[in-house]
$ cat structure_22.pdb   # PDB, C-alpha atoms
ATOM      1  CA  MET A   1       0.003   1.825 -24.643
ATOM      2  CA  ASN A   2      -1.564   5.063 -23.366
ATOM      3  CA  ARG A   3      -3.041   3.123 -20.473
ATOM      4  CA  PHE A   4       0.447   2.306 -19.264
ATOM      5  CA  LYS A   5       1.501   5.916 -19.811
ATOM      6  CA  TYR A   6      -1.357   7.186 -17.631
ATOM      7  CA  ALA A   7      -0.711   4.529 -14.994
ATOM      8  CA  PHE A   8       2.960   5.524 -14.878
ATOM      9  CA  GLN A   9       1.945   9.180 -14.537
ATOM     10  CA  GLY A  10      -0.353   8.173 -11.687
ATOM     11  CA  MET A  11       2.509   6.361  -9.983
ATOM     12  CA  MET A  12       4.729   9.442 -10.257
ATOM     13  CA  ILE A  13       1.973  11.678  -8.839
ATOM     14  CA  LEU A  14       1.463   9.203  -6.008
ATOM     15  CA  LEU A  15       5.170   9.074  -5.157
ATOM     16  CA  LYS A  16       5.371  12.887  -5.127
ATOM     17  CA  LYS A  17       2.200  13.484  -3.083
ATOM     18  CA  ASP A  18       2.158  10.630  -0.615
ATOM     19  CA  THR A  19       5.285   9.878   1.414
ATOM     20  CA  LYS A  20       3.380   7.049   3.144
ATOM     21  CA  PHE A  21       3.197   5.248  -0.200
ATOM     22  CA  LEU A  22       6.982   5.454  -0.507
ATOM     23  CA  MET A  23       7.294   4.101   3.037
ATOM     24  CA  HIS A  24       5.069   1.155   2.082
ATOM     25  CA  VAL A  25       7.200   0.545  -1.020
ATOM     26  CA  ILE A  26      10.363   0.477   1.111
ATOM     27  CA  VAL A  27       8.804  -1.922   3.639
ATOM     28  CA  GLY A  28       7.632  -4.084   0.721
ATOM     29  CA  ILE A  29      11.160  -4.188  -0.707
ATOM     30  CA  ILE A  30      12.484  -5.193   2.712
ATOM     31  CA  ALA A  31       9.903  -8.004   2.845
ATOM     32  CA  LEU A  32      10.964  -9.176  -0.629
ATOM     33  CA  LEU A  33      14.623  -9.139   0.402
ATOM     34  CA  CYS A  34      13.746 -11.151   3.523
ATOM     35  CA  GLY A  35      11.954 -13.636   1.298
ATOM     36  CA  VAL A  36      15.092 -14.056  -0.793
ATOM     37  CA  TRP A  37      17.294 -14.237   2.313
ATOM     38  CA  PHE A  38      15.176 -16.922   3.984
ATOM     39  CA  ASN A  39      14.477 -18.740   0.703
ATOM     40  CA  ILE A  40      10.747 -18.892   1.395
ATOM     41  CA  THR A  41       8.479 -21.355  -0.391
ATOM     42  CA  SER A  42       6.396 -20.610  -3.481
ATOM     43  CA  ILE A  43       3.187 -20.439  -1.454
ATOM     44  CA  GLU A  44       4.828 -18.056   1.020
ATOM     45  CA  TRP A  45       5.891 -15.859  -1.926
ATOM     46  CA  VAL A  46       2.288 -15.726  -3.106
ATOM     47  CA  PHE A  47       1.123 -14.458   0.280
ATOM     48  CA  ILE A  48       3.951 -11.926   0.645
ATOM     49  CA  ILE A  49       3.460 -10.516  -2.868
ATOM     50  CA  LEU A  50      -0.315 -10.400  -2.400
ATOM     51  CA  ALA A  51       0.063  -8.590   0.943
ATOM     52  CA  ILE A  52       2.463  -6.023  -0.525
ATOM     53  CA  GLY A  53       0.225  -5.478  -3.538
ATOM     54  CA  LEU A  54      -2.888  -5.003  -1.431
ATOM     55  CA  VAL A  55      -1.268  -2.425   0.839
ATOM     56  CA  LEU A  56       0.079  -0.470  -2.135
ATOM     57  CA  ALA A  57      -3.271  -0.646  -3.946
ATOM     58  CA  PHE A  58      -5.209   0.531  -0.886
ATOM     59  CA  GLU A  59      -2.734   3.369  -0.315
ATOM     60  CA  ALA A  60      -3.175   4.449  -3.944
ATOM     61  CA  ILE A  61      -6.971   4.339  -3.611
ATOM     62  CA  ASN A  62      -6.717   6.333  -0.375
ATOM     63  CA  THR A  63      -4.709   9.013  -2.162
ATOM     64  CA  ALA A  64      -7.236   9.077  -5.018
ATOM     65  CA  VAL A  65     -10.051   9.580  -2.510
ATOM     66  CA  GLU A  66      -8.107  12.453  -0.936
ATOM     67  CA  PHE A  67      -7.651  14.086  -4.360
ATOM     68  CA  VAL A  68     -11.360  13.777  -5.179
ATOM     69  CA  VAL A  69     -12.479  15.111  -1.806
ATOM     70  CA  ASP A  70     -10.080  18.035  -2.104
ATOM     71  CA  LEU A  71     -11.407  18.709  -5.614
ATOM     72  CA  VAL A  72     -15.017  18.782  -4.437
ATOM     73  CA  THR A  73     -14.532  21.052  -1.442
ATOM     74  CA  SER A  74     -11.819  23.184   0.083
ATOM     75  CA  GLU A  75     -13.968  23.928   3.119
ATOM     76  CA  TYR A  76     -14.232  21.652   6.118
ATOM     77  CA  GLN A  77     -17.085  19.227   5.513
ATOM     78  CA  LEU A  78     -17.929  16.422   7.916
ATOM     79  CA  LEU A  79     -18.717  13.992   5.086
ATOM     80  CA  ALA A  80     -15.398  14.835   3.402
ATOM     81  CA  LYS A  81     -13.635  14.028   6.674
ATOM     82  CA  TYR A  82     -15.538  10.753   6.901
ATOM     83  CA  ALA A  83     -14.539   9.810   3.340
ATOM     84  CA  LYS A  84     -10.868  10.490   4.040
ATOM     85  CA  ASP A  85     -10.941   8.740   7.420
ATOM     86  CA  VAL A  86     -12.616   5.620   6.048
ATOM     87  CA  ALA A  87     -10.174   5.471   3.125
ATOM     88  CA  ALA A  88      -7.262   5.790   5.573
ATOM     89  CA  PHE A  89      -8.765   3.040   7.724
ATOM     90  CA  SER A  90      -8.856   0.728   4.697
ATOM     91  CA  VAL A  91      -5.096   1.188   4.358
ATOM     92  CA  MET A  92      -4.678   0.392   8.031
ATOM     93  CA  ILE A  93      -6.676  -2.830   7.670
ATOM     94  CA  ALA A  94      -4.593  -3.907   4.656
ATOM     95  CA  SER A  95      -1.392  -3.033   6.539
ATOM     96  CA  MET A  96      -2.420  -5.040   9.615
ATOM     97  CA  ILE A  97      -3.242  -8.044   7.434
ATOM     98  CA  ALA A  98       0.107  -7.673   5.657
ATOM     99  CA  LEU A  99       1.884  -7.515   9.014
ATOM    100  CA  ALA A 100       0.099 -10.669  10.174
ATOM    101  CA  ILE A 101       1.062 -12.462   6.957
ATOM    102  CA  GLY A 102       4.658 -11.287   7.345
ATOM    103  CA  LEU A 103       4.808 -12.555  10.909
ATOM    104  CA  ILE A 104       3.261 -15.904   9.978
ATOM    105  CA  VAL A 105       5.729 -16.355   7.112
ATOM    106  CA  PHE A 106       8.925 -14.997   8.631
ATOM    107  CA  LEU A 107       8.768 -15.818  12.360
ATOM    108  CA  PRO A 108       9.395 -19.552  11.834
ATOM    109  CA  TYR A 109      12.578 -18.666   9.906
ATOM    110  CA  LEU A 110      13.758 -16.455  12.740
ATOM    111  CA  PHE A 111      13.220 -19.019  15.495
TER     112      PHE A 111
END

$ encode --input "structure_22.pdb" --output "structure tokens"
Amino acid sequence: MNRFKYAFQGMMILLKKDTKFLMHVIVGIIALLCGVWFNITSIEWVFIILAIGLVLAFEAINTAVEFVVDLVTSEYQLLAKYAKDVAAFSVMIASMIALAIGLIVFLPYLF
């Protein structure tokens, strides 16, 4: 049960430190509500839930990378910048894929 305790603590730290994570949670909730509203199929639910989960997971990993880099050095280091930039780019990739999935799933219901 301690694993869940530590995971919950991690979630609380993430919500306090990273407002982008909260933004992704809100967008994910909106996508879930749209899924309910449009009564999407089971397969469409799988893709929407997977997309939301991937974006949230990548945002959490990005925040973890930021914590580790900040722990290692408080001075400007080019490699530290690279680590943070690449981690942020991974979130952007996941977000673009999630957007594409959302458009593929929801556009036919809108038109």

$ atom_distance --input "structure_22.pdb" --atom1 "atom CA of A:Val105" --atom2 "atom CA of A:Phe47"
8.5 Å

$ resolve_selection --input "structure_22.pdb" --expression "the PyMOL selection byres ((chain A and resi 12-23) around 9)" --output "PyMOL selection string"
chain A and resi 7-11+24-28+55-56+59-60+63-64

$ atom_distance --input "structure_22.pdb" --atom1 "atom CA of A:Ser42" --atom2 "atom CA of A:Phe4"
28.5 Å

$ resolve_selection --input "structure_22.pdb" --expression "the PyMOL selection byres ((chain A and resi 77-93) around 7)" --output "PyMOL selection string"
chain A and resi 55+58-59+62+65-66+69+75-76+94-97

$ atom_distance --input "structure_22.pdb" --atom1 "atom CA of A:Leu33" --atom2 "atom CA of A:Leu110"
14.4 Å

$ closest_residue --input "structure_22.pdb" --among "A:Ile30, A:Asn2, A:Val36, A:Glu44" --to "A:Pro108" --atoms "all atoms listed in the file"
A:Glu44

$ resolve_selection --input "structure_22.pdb" --expression "the PyMOL selection byres ((chain A and resi 45) around 12)" --output "list in words"
Ala31, Leu32, Leu33, Cys34, Gly35, Val36, Phe38, Asn39, Ile40, Thr41, Ser42, Ile43, Glu44, Val46, Phe47, Ile48, Ile49, Leu50, Ala51, Ile52, Gly53, Ile101, Gly102, Val105 and Phe106 of chain A

$ axis_aligned_box --input "structure_22.pdb" --around "stretch 25-28 of chain A" --padding-each-side "8 Å" --output "JSON"
{"center_x": 8.8, "center_y": -1.8, "center_z": 1.3, "size_x": 19.2, "size_y": 20.6, "size_z": 20.7}
